[in-house]
There are 8 protein chains.
Amino acid sequence: MSPEEISDLLRQVRRGKLSVEDAVDRLRRLPYEDLGYAKIDHHRTLRQGFPEVVFARGKDPAQVEGIVRGMLRNQHNILVTRGDRGLYELLQPLHPKVEFHALSGAITIRRQRKISGKGKVLVVCAGTSDIPVAEEALVTADIMGNRTESLYDVGVAGIHRLLGESHHLHEARVIICVAGMEGALPSVVAGMVGVPVIAVPSSVGYGASFRGLAALLGMLNSCSPNVCVVNIDNGFGAGYLASVMNRL
Amino acid sequence: MSPEEISDLLRQVRRGKLSVEDAVDRLRRLPYEDLGYAKIDHHRTLRQGFPEVVFARGKDPAQVEGIVRGMLRNQHNILVTRGDRGLYELLQPLHPKVEFHALSGAITIRRQRKISGKGKVLVVCAGTSDIPVAEEALVTADIMGNRTESLYDVGVAGIHRLLGESHHLHEARVIICVAGMEGALPSVVAGMVGVPVIAVPSSVGYGASFRGLAALLGMLNSCSPNVCVVNIDNGFGAGYLASVMNRL
Amino acid sequence: MSPEEISDLLRQVRRGKLSVEDAVDRLRRLPYEDLGYAKIDHHRTLRQGFPEVVFARGKDPAQVEGIVRGMLRNQHNILVTRGDRGLYELLQPLHPKVEFHALSGAITIRRQRKISGKGKVLVVCAGTSDIPVAEEALVTADIMGNRTESLYDVGVAGIHRLLGESHHLHEARVIICVAGMEGALPSVVAGMVGVPVIAVPSSVGYGASFRGLAALLGMLNSCSPNVCVVNIDNGFGAGYLASVMNRL
Amino acid sequence: MSPEEISDLLRQVRRGKLSVEDAVDRLRRLPYEDLGYAKIDHHRTLRQGFPEVVFARGKDPAQVEGIVRGMLRNQHNILVTRGDRGLYELLQPLHPKVEFHALSGAITIRRQRKISGKGKVLVVCAGTSDIPVAEEALVTADIMGNRTESLYDVGVAGIHRLLGESHHLHEARVIICVAGMEGALPSVVAGMVGVPVIAVPSSVGYGASFRGLAALLGMLNSCSPNVCVVNIDNGFGAGYLASVMNRL
Amino acid sequence: MSPEEISDLLRQVRRGKLSVEDAVDRLRRLPYEDLGYAKIDHHRTLRQGFPEVVFARGKDPAQVEGIVRGMLRNQHNILVTRGDRGLYELLQPLHPKVEFHALSGAITIRRQRKISGKGKVLVVCAGTSDIPVAEEALVTADIMGNRTESLYDVGVAGIHRLLGESHHLHEARVIICVAGMEGALPSVVAGMVGVPVIAVPSSVGYGASFRGLAALLGMLNSCSPNVCVVNIDNGFGAGYLASVMNRL
Amino acid sequence: MSPEEISDLLRQVRRGKLSVEDAVDRLRRLPYEDLGYAKIDHHRTLRQGFPEVVFARGKDPAQVEGIVRGMLRNQHNILVTRGDRGLYELLQPLHPKVEFHALSGAITIRRQRKISGKGKVLVVCAGTSDIPVAEEALVTADIMGNRTESLYDVGVAGIHRLLGESHHLHEARVIICVAGMEGALPSVVAGMVGVPVIAVPSSVGYGASFRGLAALLGMLNSCSPNVCVVNIDNGFGAGYLASVMNRL
Amino acid sequence: MSPEEISDLLRQVRRGKLSVEDAVDRLRRLPYEDLGYAKIDHHRTLRQGFPEVVFARGKDPAQVEGIVRGMLRNQHNILVTRGDRGLYELLQPLHPKVEFHALSGAITIRRQRKISGKGKVLVVCAGTSDIPVAEEALVTADIMGNRTESLYDVGVAGIHRLLGESHHLHEARVIICVAGMEGALPSVVAGMVGVPVIAVPSSVGYGASFRGLAALLGMLNSCSPNVCVVNIDNGFGAGYLASVMNRL
Amino acid sequence: MSPEEISDLLRQVRRGKLSVEDAVDRLRRLPYEDLGYAKIDHHRTLRQGFPEVVFARGKDPAQVEGIVRGMLRNQHNILVTRGDRGLYELLQPLHPKVEFHALSGAITIRRQRKISGKGKVLVVCAGTSDIPVAEEALVTADIMGNRTESLYDVGVAGIHRLLGESHHLHEARVIICVAGMEGALPSVVAGMVGVPVIAVPSSVGYGASFRGLAALLGMLNSCSPNVCVVNIDNGFGAGYLASVMNRL
């Protein structure tokens, strides 16, 4: 609650329009909705500018359905990440615009198409196997109101491919850069531009990649200081963060 | 064996009521029952106030059944953790009160309902995906004779949800706090109360959560000194420990 | 702030005894004192029953001195952990009761001697090298108002030493158990008693002890469910937690 | 080189104003200066908007001096990180504005005071021991042309301290959040605001903090999606990144 | 080849009974049999007193069959570890004495029953879930010519069960001790006896047991110096090593 | 692009045979082919002497097929690694020479049989279970134009097997050495020869082999300085590297 | 206490020669001596055949002196490990036979020279830098009554050095094998003999040796099954264990 | 010993020119020199083409001096790595050509200047702080008879610096590439050339570089297959390996 809301509430109490008991109650009650197994944070849109997002993995499909039903009561776009076709079929009857993004497993309900991001969000990835993570970032940035573009398979072992596409890098306001294995791409990309680069280590690789740890450590130690890092395979986080930056 | 029992035994020896050989034997024989593949510790109830618990994972169902049969010879409540529906169906014929707790996989035979805990045990969890672990803690605390309450999906990313439910925190005598991902919830909860908080890292998360390691390390480094930690996903241990504390 | 305090404040606003602006201010201002480099949490005693404790390592001695000066404005006992003789000499002029505990590096100012713990806190350690950690736990439990006892060098390689002292175990209401190397002592101790055992891994050892990691993992995997764990070498945390439990 | 520069160069070749050999040479030669042990990247200001920064640790003081002399040939602000008083005394004669920041070890030569950041950069830290890292971030953001503010010792164990200062959070365009131990602060802070939060794990802690690893993992697993992470103790990187974001 | 064999060979050369070329060849050819995908070490029985053993996991069943066929050409007992019923059925036609040990997956062909071990090998395990590893050790020690005994489910959380069976410990010449979770049992056992204790960490456990790592580290840091350690779940190695010691 | 090509291009511009716009375009466009999800690097053969290789795991079979179709437009040999029979059946119609190597999962299309390697590449492995990795190395070295030989199951526990085959070691120009478990073989082999030894840790083993980590660390710490290391199970990398060395 | 002692005690009770109270007391009191900071286990010689050993590191020199004084009350040999010259000078006045072993830091008081080991204990090490650990093993085996021999600098990179000394291997009853870096020596040595090989990883190495971890993992994964492992740098443990085996 | 030498020896035996006893002895004795604490491998030059090298760290200076004295008995160049000025002063009197390389700590005695490498060895490093490791590689390659060149401070954050020097890359026959932090340089370099690239992770960095682990993992996961890896900071190994390759 903002100071203004507190002031307003206090004024109502002074004027006798609100009982002390009700005021205590309202100060305690915050705008979330309790489903028992989940508390939907309707307040988040006010607080952060984006509605809550549902991470489907590890949740019962019926739980996800219940949460989505609750979220449909307001008018925001809805994003469910790490779903699958079965979940999509469960959610489809809820709204005419339910859409399944097979590459990343994301499910979206796009109810408004306002562009709130000021520039373009570019999603770059090092290899073909990184595309599922890159697509999760793309879908997220897209549904959160950004113009987006993608540039795939430009890993550093053939640096000319990246150099040959460098004009794309210069046109972006925020860059998301997905790479597995040694995770070197964000350092090279970030050295070529003056905008923030969000590095996403992917779990692509084998052996000493240790499911993305090698790429993660590489990115954390990037010698390019305009690189920041999110969790392994966290395409959603990168897309969200890019949206936050692109609104600045 | 208690000092009193030793004194008693020695007195019988002195009085000739017990041969030296039998006394040696009794000093050696302790009250457990040997099934070959398992030794049921009937003595535990005397020693610790709670009967032994069966951890089903990694055991042959027939072994679990044999152990439960052995335990049914006394009158205590019985708890089997990490079971499944198949095991439940195997155990059901053994006693009319066999009950399956689907969320956590626990199986209980509640033969007495005495409340031995002095206050309330509150189980808090950060997200919907943590519920299976939280429920294992809840079932354990419940069958061990405690009044319990739960508060789910109050993770720190929407701190107002926790603040809005803080009265629940203040009513508990012991708090169990389950969280995956960054495992930050116990620090915040513990900073708000003056009772012990048992932190349970859950394996919820992906990538750099390393199956609960991130949450575990976070909880071990909690800046709130009234936090103690148990193993990853160890809802049973948390429930048991809360029972021990709540009896104090 | 408690609901009662909020009600009271709101009543003053309704009665016009408090302006809306002042009420907004008081709802925002919480009882801590800002030194710039630190915010002393005077509120903690109300909230948790024990005042804040100063962790000296990594802080400038002048900063510690400033914080202690601030804390002396109330009447509580003061505990500074991980200090050294130099810091002690800096703090000594501040109060006649400043005391240095050489084994653990703790510095105390004991201004009241009220016993608030209901039973005895027993501190057990496995080897002579674990004593500094054990002593930190002991000093903490002591200044926080507990009767304490210690039992040192009873590691599991000579189990008869522990069995020979088991009556001490049975007299305690809470047990703190410090062990380095394989960290096996808490499992054995906890199996012998029915009270909570707070396990403290110590960094004693070499090679594959990895500075206490072996003991930490061992304790987290204890087969005795009445064991909970705190950070490596965290004698203070164990003592604090024991105090919280002993007040129950 | 931009496409415009290439076009221009090619036109000079067509007009015969530039020989083919010279053109080949210019296409190869890029604007850096070779000191043998280092190559000063004068081009970076054009490419990224900020001049190169000197990381002093692991470099010979004479090498740092040589690099700074080279950088003084242009007109930018100069930042040397992880220096010490000895290095400061070596560099002082080079320019009247050499300044030493004792808390963080940074050395600056501020030759222009233009503010290029559009909003305020707020640096938050969890505990007093995190201040050196926080100050490195602050000095960096400051010399790179941002208005800055700091908020220290607001760790999550006393959440009311953070809530009591939340208006500072709402005034910032970018937030840097430094925390050691469990590293929970960024999740809580990020949940309260709608701007990007750059999380910096600090190596503050002991035992299972593993020199900042616990905080790093915690931050990477943050349940608040507007959190991005930089390397442990990397105050400079956070300050640089905040500057890049604040220019957007 | 022993010095005596070399002397003998050289004498044959001097006497002209062996051509130089043949001698060169014999000095090069060593007594193993090359199957292409495997080289059967027939020499091992001479060198080490036990024939080679086949580790089935990761090998094609046909390869295992081929190796066993090769080994049947001499007269030794044959041991295949980590097999399954399918492999057993493939091997059964090869010899009338092929036997499958379902608990451990071992397959044996016992062609001679000579006891070469001088005392008894005792296999102890901490919990019911450790039995598969313990049985692999038992089968190995058995087929290698030792009298064996087992003592199961005597973990340290109920120390009286171990104390109650301590006479078994005192009758053994070599003890194998299998434990998962915290792996504390070998330290306690070894402290009670004067013979070598071979500790086998098992992967029994979950969460921070990290598939046996916790038990392994615990055993390596044992405070009882008569403990040595083999790989996680390496029942075979323990049984083999016990046989080597028991022949001393 | 080589300096010669740049000179040539510039000369065409000077002579008016190429417009400035086209030259800009050609300087940007580099010789790769963009499939959207992949960029085929046709330039690699010029740059490195070997065409690009397709790593099939983690790619959609249709993507692999698309890439192979693109690569068939030039005349080079084609290598797909980590495939399976299903992928083989998909690719078979594309060319009469598609071949499946079942042991390693490699798929090859050998369109030319030129030997470019100057000596022999020898692939050695420690145990039968290492053969799949060894075969991947062998297939790679073979299709890249080398004479190859293999020597399997010569692990260090029966050192006479290796010594008995040492003449093979002395005939090789480059040696690839695959070993799991303790990974000791490369050190011994490298100590016997004067040529480079490429060590490939395999994930063969269990328990504390940690999926090849033990072997990897062993090889990195080899006391034989003519050992270099590639990733765990990276038979392809070893074969490629051996080809590069054998061309020297 | 042995069953015989219990029988004896019980007989005294029956005959009235021992009061029940005293018997209870004696059953509790075990033969150790309590110094407060340490409990000297005089009983160990009876139980294990060797007296307790003092690990000096991490203990106060005065504590070590006190323990040694206590141990001098019986007639056994005394071994203090990880001491230094200062400690030696403190202990020297206590007994005429105090001896300092500079290479390993061991301090011995040899009061009897009985040989109880049946064969020879051979200590092998891979490199010159491993000698301190090897010497600790040698001193330990020596004072515990074994004939010993050493063989140094026979690492596997020059396998002919080991082969050239193999007769030493064949003469030993127990072999201790110390190696750092890749730790491959024990596998090779164990493959050449039929006796137990105790592998001691040393912390010799740098980089990816991770202070002995690489050698430790290598040894745990040894393909020679007559290898067992002790902690990194644990020369004492190896010497002790070899003594236990050599008495068999 | 080569087959020819064995044949020759056997012929001498047949002709009676060599007694059987002497032949046995010569077959056993191999050409190393035993100093007790070290065995100098004079045979290595024959076997590998380069004499043994002395790793000074962890050795007593007197031991190093003894080994160097032994090596001076033949005519090869001598290399001591990881020494310091004190060791240099000890060795200087032994030979007029003892030389100290301060940047890397190497000490050389160059007695012959024959160039045996066929091409140029290029040593590239990413940053100024990597120079000590790079210099160790350079000194090693140099004393082992190679023409060498260096290219420093061309890290990937300013890729134009590397591109601007790419002609140096194309002139080398073997490339050594040293990088700390994220270790991305070898991937980029290797993608630009067709020769082997030996990647050396350096321990340069802080925080999540974990003393070179991040760079090591990055290099092991390189997407450029002509990259092989040596241990962290192992400049010597890289230089040695480059020499072996350059002789091919």
# chains A, B, ... in the order shown; residues from 1 in each chain; ligands from 1

call {"tool": "residues_around", "arguments": {"residues": "segment 176-185 of chain B", "least_positions_apart": "2", "cutoff": "8 Å", "atoms": "only C-alpha atoms", "output": "number ranges by chain"}}
result
B: 121-127, 130, 133-134, 137, 155-156, 174, 187-189, 197-206, 209, 212, 214-216, 218-219, 238-239, 242; D: 182-184, 217-223

call {"tool": "interface_residues", "arguments": {"of": "chain D", "to": "chain C", "cutoff": "8 Å", "atoms": "only C-alpha atoms", "output": "list in words"}}
result
Gly127, Thr128, Ser129, Ile131, Tyr152, Asp153, Val154, Gly158, His160, Arg161, Leu163, Gly164, Glu165, Val204, Tyr206, Gly207 and Ala208 of chain D

call {"tool": "residues_around", "arguments": {"residues": "His170 of chain B", "least_positions_apart": "5", "cutoff": "9 Å", "atoms": "only C-alpha atoms", "output": "short mmCIF file (atom, residue, chain, number, x, y, z; two decimals) with C-alpha atoms, in the first residue's frame"}}
result
data_model
loop_
_atom_site.label_atom_id
_atom_site.label_comp_id
_atom_site.auth_asym_id
_atom_site.auth_seq_id
_atom_site.Cartn_x
_atom_site.Cartn_y
_atom_site.Cartn_z
CA MET B 192 9.48 -11.89 13.02
CA VAL B 193 9.08 -14.36 15.89
CA GLY B 194 10.75 -15.49 19.10
CA VAL B 195 10.24 -19.25 18.75
#

call {"tool": "select_by_dssp", "arguments": {"residues": "segment 69-246 of chain E", "states": "alpha helix (DSSP H)", "output": "ChimeraX atom specification"}}
result
/E:69-71,85-91,131-143,159-164,166-171,185-192,213-220,235-246

call {"tool": "write_last_selection", "arguments": {"atoms": "C-alpha atoms", "output": "short mmCIF file (atom, residue, chain, number, x, y, z; two decimals), in the first residue's frame"}}
result
data_model
loop_
_atom_site.label_atom_id
_atom_site.label_comp_id
_atom_site.auth_asym_id
_atom_site.auth_seq_id
_atom_site.Cartn_x
_atom_site.Cartn_y
_atom_site.Cartn_z
CA ARG E 69 33.59 -68.44 -21.73
CA GLY E 70 37.27 -67.46 -21.80
CA MET E 71 37.54 -67.70 -18.02
CA ARG E 85 18.36 -61.88 -14.20
CA GLY E 86 18.63 -61.47 -17.97
CA LEU E 87 22.38 -61.85 -17.87
CA TYR E 88 22.02 -64.81 -15.54
CA GLU E 89 19.77 -66.56 -18.04
CA LEU E 90 22.33 -65.94 -20.76
CA LEU E 91 25.16 -67.39 -18.69
CA ILE E 131 21.63 -54.79 2.35
CA PRO E 132 22.23 -54.99 -1.45
CA VAL E 133 25.72 -53.54 -1.02
CA ALA E 134 26.38 -55.70 2.01
CA GLU E 135 25.32 -58.81 0.12
CA GLU E 136 27.70 -58.00 -2.75
CA ALA E 137 30.51 -57.91 -0.20
CA LEU E 138 29.32 -61.15 1.35
CA VAL E 139 29.08 -63.04 -1.95
CA THR E 140 32.54 -61.82 -2.93
CA ALA E 141 34.18 -62.82 0.32
CA ASP E 142 32.38 -66.12 0.19
CA ILE E 143 33.43 -67.14 -3.31
CA ILE E 159 23.46 -47.71 19.67
CA HIS E 160 22.19 -50.43 22.03
CA ARG E 161 21.48 -52.68 19.03
CA LEU E 162 25.15 -52.58 18.10
CA LEU E 163 26.33 -52.96 21.69
CA GLY E 164 23.97 -55.88 22.09
CA SER E 166 29.24 -56.69 20.04
CA HIS E 167 30.40 -60.26 20.55
CA HIS E 168 30.02 -60.76 16.79
CA LEU E 169 32.42 -57.88 16.28
CA HIS E 170 35.00 -59.47 18.56
CA GLU E 171 34.93 -62.78 16.70
CA LEU E 185 28.79 -46.70 11.86
CA PRO E 186 32.40 -47.62 10.88
CA SER E 187 33.84 -45.12 13.38
CA VAL E 188 31.85 -46.63 16.22
CA VAL E 189 32.53 -50.23 15.18
CA ALA E 190 36.22 -49.60 14.64
CA GLY E 191 36.51 -48.00 18.07
CA MET E 192 35.28 -51.25 19.62
CA LEU E 213 29.06 -38.39 -0.81
CA ALA E 214 28.12 -37.51 2.77
CA ALA E 215 28.82 -41.06 3.95
CA LEU E 216 32.05 -41.21 1.95
CA LEU E 217 33.39 -37.99 3.44
CA GLY E 218 32.35 -39.08 6.90
CA MET E 219 34.23 -42.35 6.57
CA LEU E 220 37.36 -40.70 5.18
CA GLY E 235 30.61 -54.06 -1.96
CA PHE E 236 32.74 -56.12 -4.32
CA GLY E 237 35.91 -54.14 -3.53
CA ALA E 238 35.29 -54.50 0.18
CA GLY E 239 34.78 -58.25 -0.12
CA TYR E 240 37.90 -58.63 -2.25
CA LEU E 241 40.01 -56.53 0.09
CA ALA E 242 38.73 -58.44 3.12
CA SER E 243 39.77 -61.67 1.38
CA VAL E 244 43.25 -60.29 0.75
CA MET E 245 43.57 -59.28 4.42
CA ASN E 246 42.11 -62.51 5.72
#

call {"tool": "residues_around", "arguments": {"residues": "Val53 of chain B", "least_positions_apart": "4", "cutoff": "7 Å", "atoms": "only C-alpha atoms", "output": "list in words"}}
result
Ile78, Leu79 and Val80 of chain B

call {"tool": "write_last_selection", "arguments": {"atoms": "C-alpha atoms", "output": "compact mmCIF listing (two decimals), in the first residue's frame"}}
result
# COMPACT_ATOMS: atom_id res chain seq x y z
CA ILE B 78 2.70 -46.08 13.22
CA LEU B 79 4.17 -43.85 10.52
CA VAL B 80 5.59 -45.01 7.19

call {"tool": "select_by_dssp", "arguments": {"residues": "segment 14-147 of chain B", "states": "strand (DSSP E or B)", "output": "ChimeraX atom specification"}}
result
/B:33-34,39-40,54-55,78-81,98-101,106-109,120-125,147

call {"tool": "decode", "arguments": {"residues": "segment 166-246 of chain H", "atoms": "C-alpha atoms", "output": "PDB file, in the first residue's frame"}}
result
ATOM      1  CA  SER H 166      44.909 -12.290 -36.306  1.00  0.00           C
ATOM      2  CA  HIS H 167      47.864 -12.536 -38.722  1.00  0.00           C
ATOM      3  CA  HIS H 168      49.964 -13.677 -35.746  1.00  0.00           C
ATOM      4  CA  LEU H 169      47.515 -16.503 -35.210  1.00  0.00           C
ATOM      5  CA  HIS H 170      47.808 -17.623 -38.812  1.00  0.00           C
ATOM      6  CA  GLU H 171      51.606 -17.788 -38.666  1.00  0.00           C
ATOM      7  CA  ALA H 172      51.785 -20.221 -35.745  1.00  0.00           C
ATOM      8  CA  ARG H 173      52.103 -24.012 -35.953  1.00  0.00           C
ATOM      9  CA  VAL H 174      50.914 -24.497 -32.365  1.00  0.00           C
ATOM     10  CA  ILE H 175      49.071 -21.948 -30.207  1.00  0.00           C
ATOM     11  CA  ILE H 176      49.056 -21.782 -26.417  1.00  0.00           C
ATOM     12  CA  CYS H 177      46.188 -19.731 -25.088  1.00  0.00           C
ATOM     13  CA  VAL H 178      46.118 -18.600 -21.437  1.00  0.00           C
ATOM     14  CA  ALA H 179      42.977 -17.097 -19.913  1.00  0.00           C
ATOM     15  CA  GLY H 180      41.420 -16.713 -16.487  1.00  0.00           C
ATOM     16  CA  MET H 181      37.939 -15.506 -15.534  1.00  0.00           C
ATOM     17  CA  GLU H 182      35.499 -17.028 -18.065  1.00  0.00           C
ATOM     18  CA  GLY H 183      38.280 -18.587 -20.151  1.00  0.00           C
ATOM     19  CA  ALA H 184      36.559 -17.802 -23.457  1.00  0.00           C
ATOM     20  CA  LEU H 185      39.616 -16.824 -25.474  1.00  0.00           C
ATOM     21  CA  PRO H 186      40.684 -20.327 -26.636  1.00  0.00           C
ATOM     22  CA  SER H 187      37.285 -20.984 -28.221  1.00  0.00           C
ATOM     23  CA  VAL H 188      37.472 -17.808 -30.257  1.00  0.00           C
ATOM     24  CA  VAL H 189      41.128 -18.256 -31.204  1.00  0.00           C
ATOM     25  CA  ALA H 190      40.644 -21.901 -32.135  1.00  0.00           C
ATOM     26  CA  GLY H 191      37.679 -21.011 -34.326  1.00  0.00           C
ATOM     27  CA  MET H 192      39.974 -18.743 -36.374  1.00  0.00           C
ATOM     28  CA  VAL H 193      42.780 -21.240 -37.074  1.00  0.00           C
ATOM     29  CA  GLY H 194      43.349 -24.815 -38.177  1.00  0.00           C
ATOM     30  CA  VAL H 195      46.175 -25.732 -35.787  1.00  0.00           C
ATOM     31  CA  PRO H 196      45.994 -27.209 -32.289  1.00  0.00           C
ATOM     32  CA  VAL H 197      45.231 -24.750 -29.484  1.00  0.00           C
ATOM     33  CA  ILE H 198      46.460 -25.679 -26.018  1.00  0.00           C
ATOM     34  CA  ALA H 199      44.210 -23.938 -23.508  1.00  0.00           C
ATOM     35  CA  VAL H 200      45.642 -23.039 -20.099  1.00  0.00           C
ATOM     36  CA  PRO H 201      43.115 -21.870 -17.527  1.00  0.00           C
ATOM     37  CA  SER H 202      44.714 -19.363 -15.182  1.00  0.00           C
ATOM     38  CA  SER H 203      43.676 -18.752 -11.609  1.00  0.00           C
ATOM     39  CA  VAL H 204      43.205 -15.061 -12.375  1.00  0.00           C
ATOM     40  CA  GLY H 205      39.825 -13.830 -11.170  1.00  0.00           C
ATOM     41  CA  TYR H 206      37.899 -13.786  -7.920  1.00  0.00           C
ATOM     42  CA  GLY H 207      34.613 -14.956  -6.456  1.00  0.00           C
ATOM     43  CA  ALA H 208      32.944 -17.473  -8.737  1.00  0.00           C
ATOM     44  CA  SER H 209      36.147 -18.016 -10.703  1.00  0.00           C
ATOM     45  CA  PHE H 210      36.949 -20.426  -7.849  1.00  0.00           C
ATOM     46  CA  ARG H 211      40.698 -20.091  -8.482  1.00  0.00           C
ATOM     47  CA  GLY H 212      40.517 -21.024 -12.133  1.00  0.00           C
ATOM     48  CA  LEU H 213      37.731 -23.602 -12.038  1.00  0.00           C
ATOM     49  CA  ALA H 214      35.407 -21.428 -14.128  1.00  0.00           C
ATOM     50  CA  ALA H 215      38.034 -21.009 -16.831  1.00  0.00           C
ATOM     51  CA  LEU H 216      38.912 -24.704 -16.703  1.00  0.00           C
ATOM     52  CA  LEU H 217      35.305 -25.811 -17.162  1.00  0.00           C
ATOM     53  CA  GLY H 218      34.795 -23.282 -19.919  1.00  0.00           C
ATOM     54  CA  MET H 219      37.799 -24.575 -21.834  1.00  0.00           C
ATOM     55  CA  LEU H 220      36.801 -28.224 -21.396  1.00  0.00           C
ATOM     56  CA  ASN H 221      33.423 -27.346 -22.907  1.00  0.00           C
ATOM     57  CA  SER H 222      34.845 -25.372 -25.792  1.00  0.00           C
ATOM     58  CA  CYS H 223      32.690 -25.524 -28.898  1.00  0.00           C
ATOM     59  CA  SER H 224      35.886 -25.403 -30.984  1.00  0.00           C
ATOM     60  CA  PRO H 225      37.111 -28.983 -31.317  1.00  0.00           C
ATOM     61  CA  ASN H 226      40.766 -28.102 -31.896  1.00  0.00           C
ATOM     62  CA  VAL H 227      41.128 -27.056 -28.254  1.00  0.00           C
ATOM     63  CA  CYS H 228      42.801 -29.275 -25.656  1.00  0.00           C
ATOM     64  CA  VAL H 229      43.285 -28.373 -22.019  1.00  0.00           C
ATOM     65  CA  VAL H 230      45.962 -28.644 -19.341  1.00  0.00           C
ATOM     66  CA  ASN H 231      45.799 -27.997 -15.604  1.00  0.00           C
ATOM     67  CA  ILE H 232      45.101 -24.563 -14.105  1.00  0.00           C
ATOM     68  CA  ASP H 233      48.194 -22.296 -14.257  1.00  0.00           C
ATOM     69  CA  ASN H 234      50.137 -25.111 -15.933  1.00  0.00           C
ATOM     70  CA  GLY H 235      52.219 -22.960 -18.267  1.00  0.00           C
ATOM     71  CA  PHE H 236      55.001 -25.539 -18.173  1.00  0.00           C
ATOM     72  CA  GLY H 237      52.761 -28.360 -19.363  1.00  0.00           C
ATOM     73  CA  ALA H 238      51.464 -26.215 -22.197  1.00  0.00           C
ATOM     74  CA  GLY H 239      54.968 -25.282 -23.292  1.00  0.00           C
ATOM     75  CA  TYR H 240      56.118 -28.892 -23.104  1.00  0.00           C
ATOM     76  CA  LEU H 241      53.123 -30.167 -25.041  1.00  0.00           C
ATOM     77  CA  ALA H 242      53.554 -27.464 -27.684  1.00  0.00           C
ATOM     78  CA  SER H 243      57.161 -28.614 -28.099  1.00  0.00           C
ATOM     79  CA  VAL H 244      56.063 -32.209 -28.550  1.00  0.00           C
ATOM     80  CA  MET H 245      53.522 -31.157 -31.169  1.00  0.00           C
ATOM     81  CA  ASN H 246      55.892 -28.793 -32.926  1.00  0.00           C
TER      82      ASN H 246
END
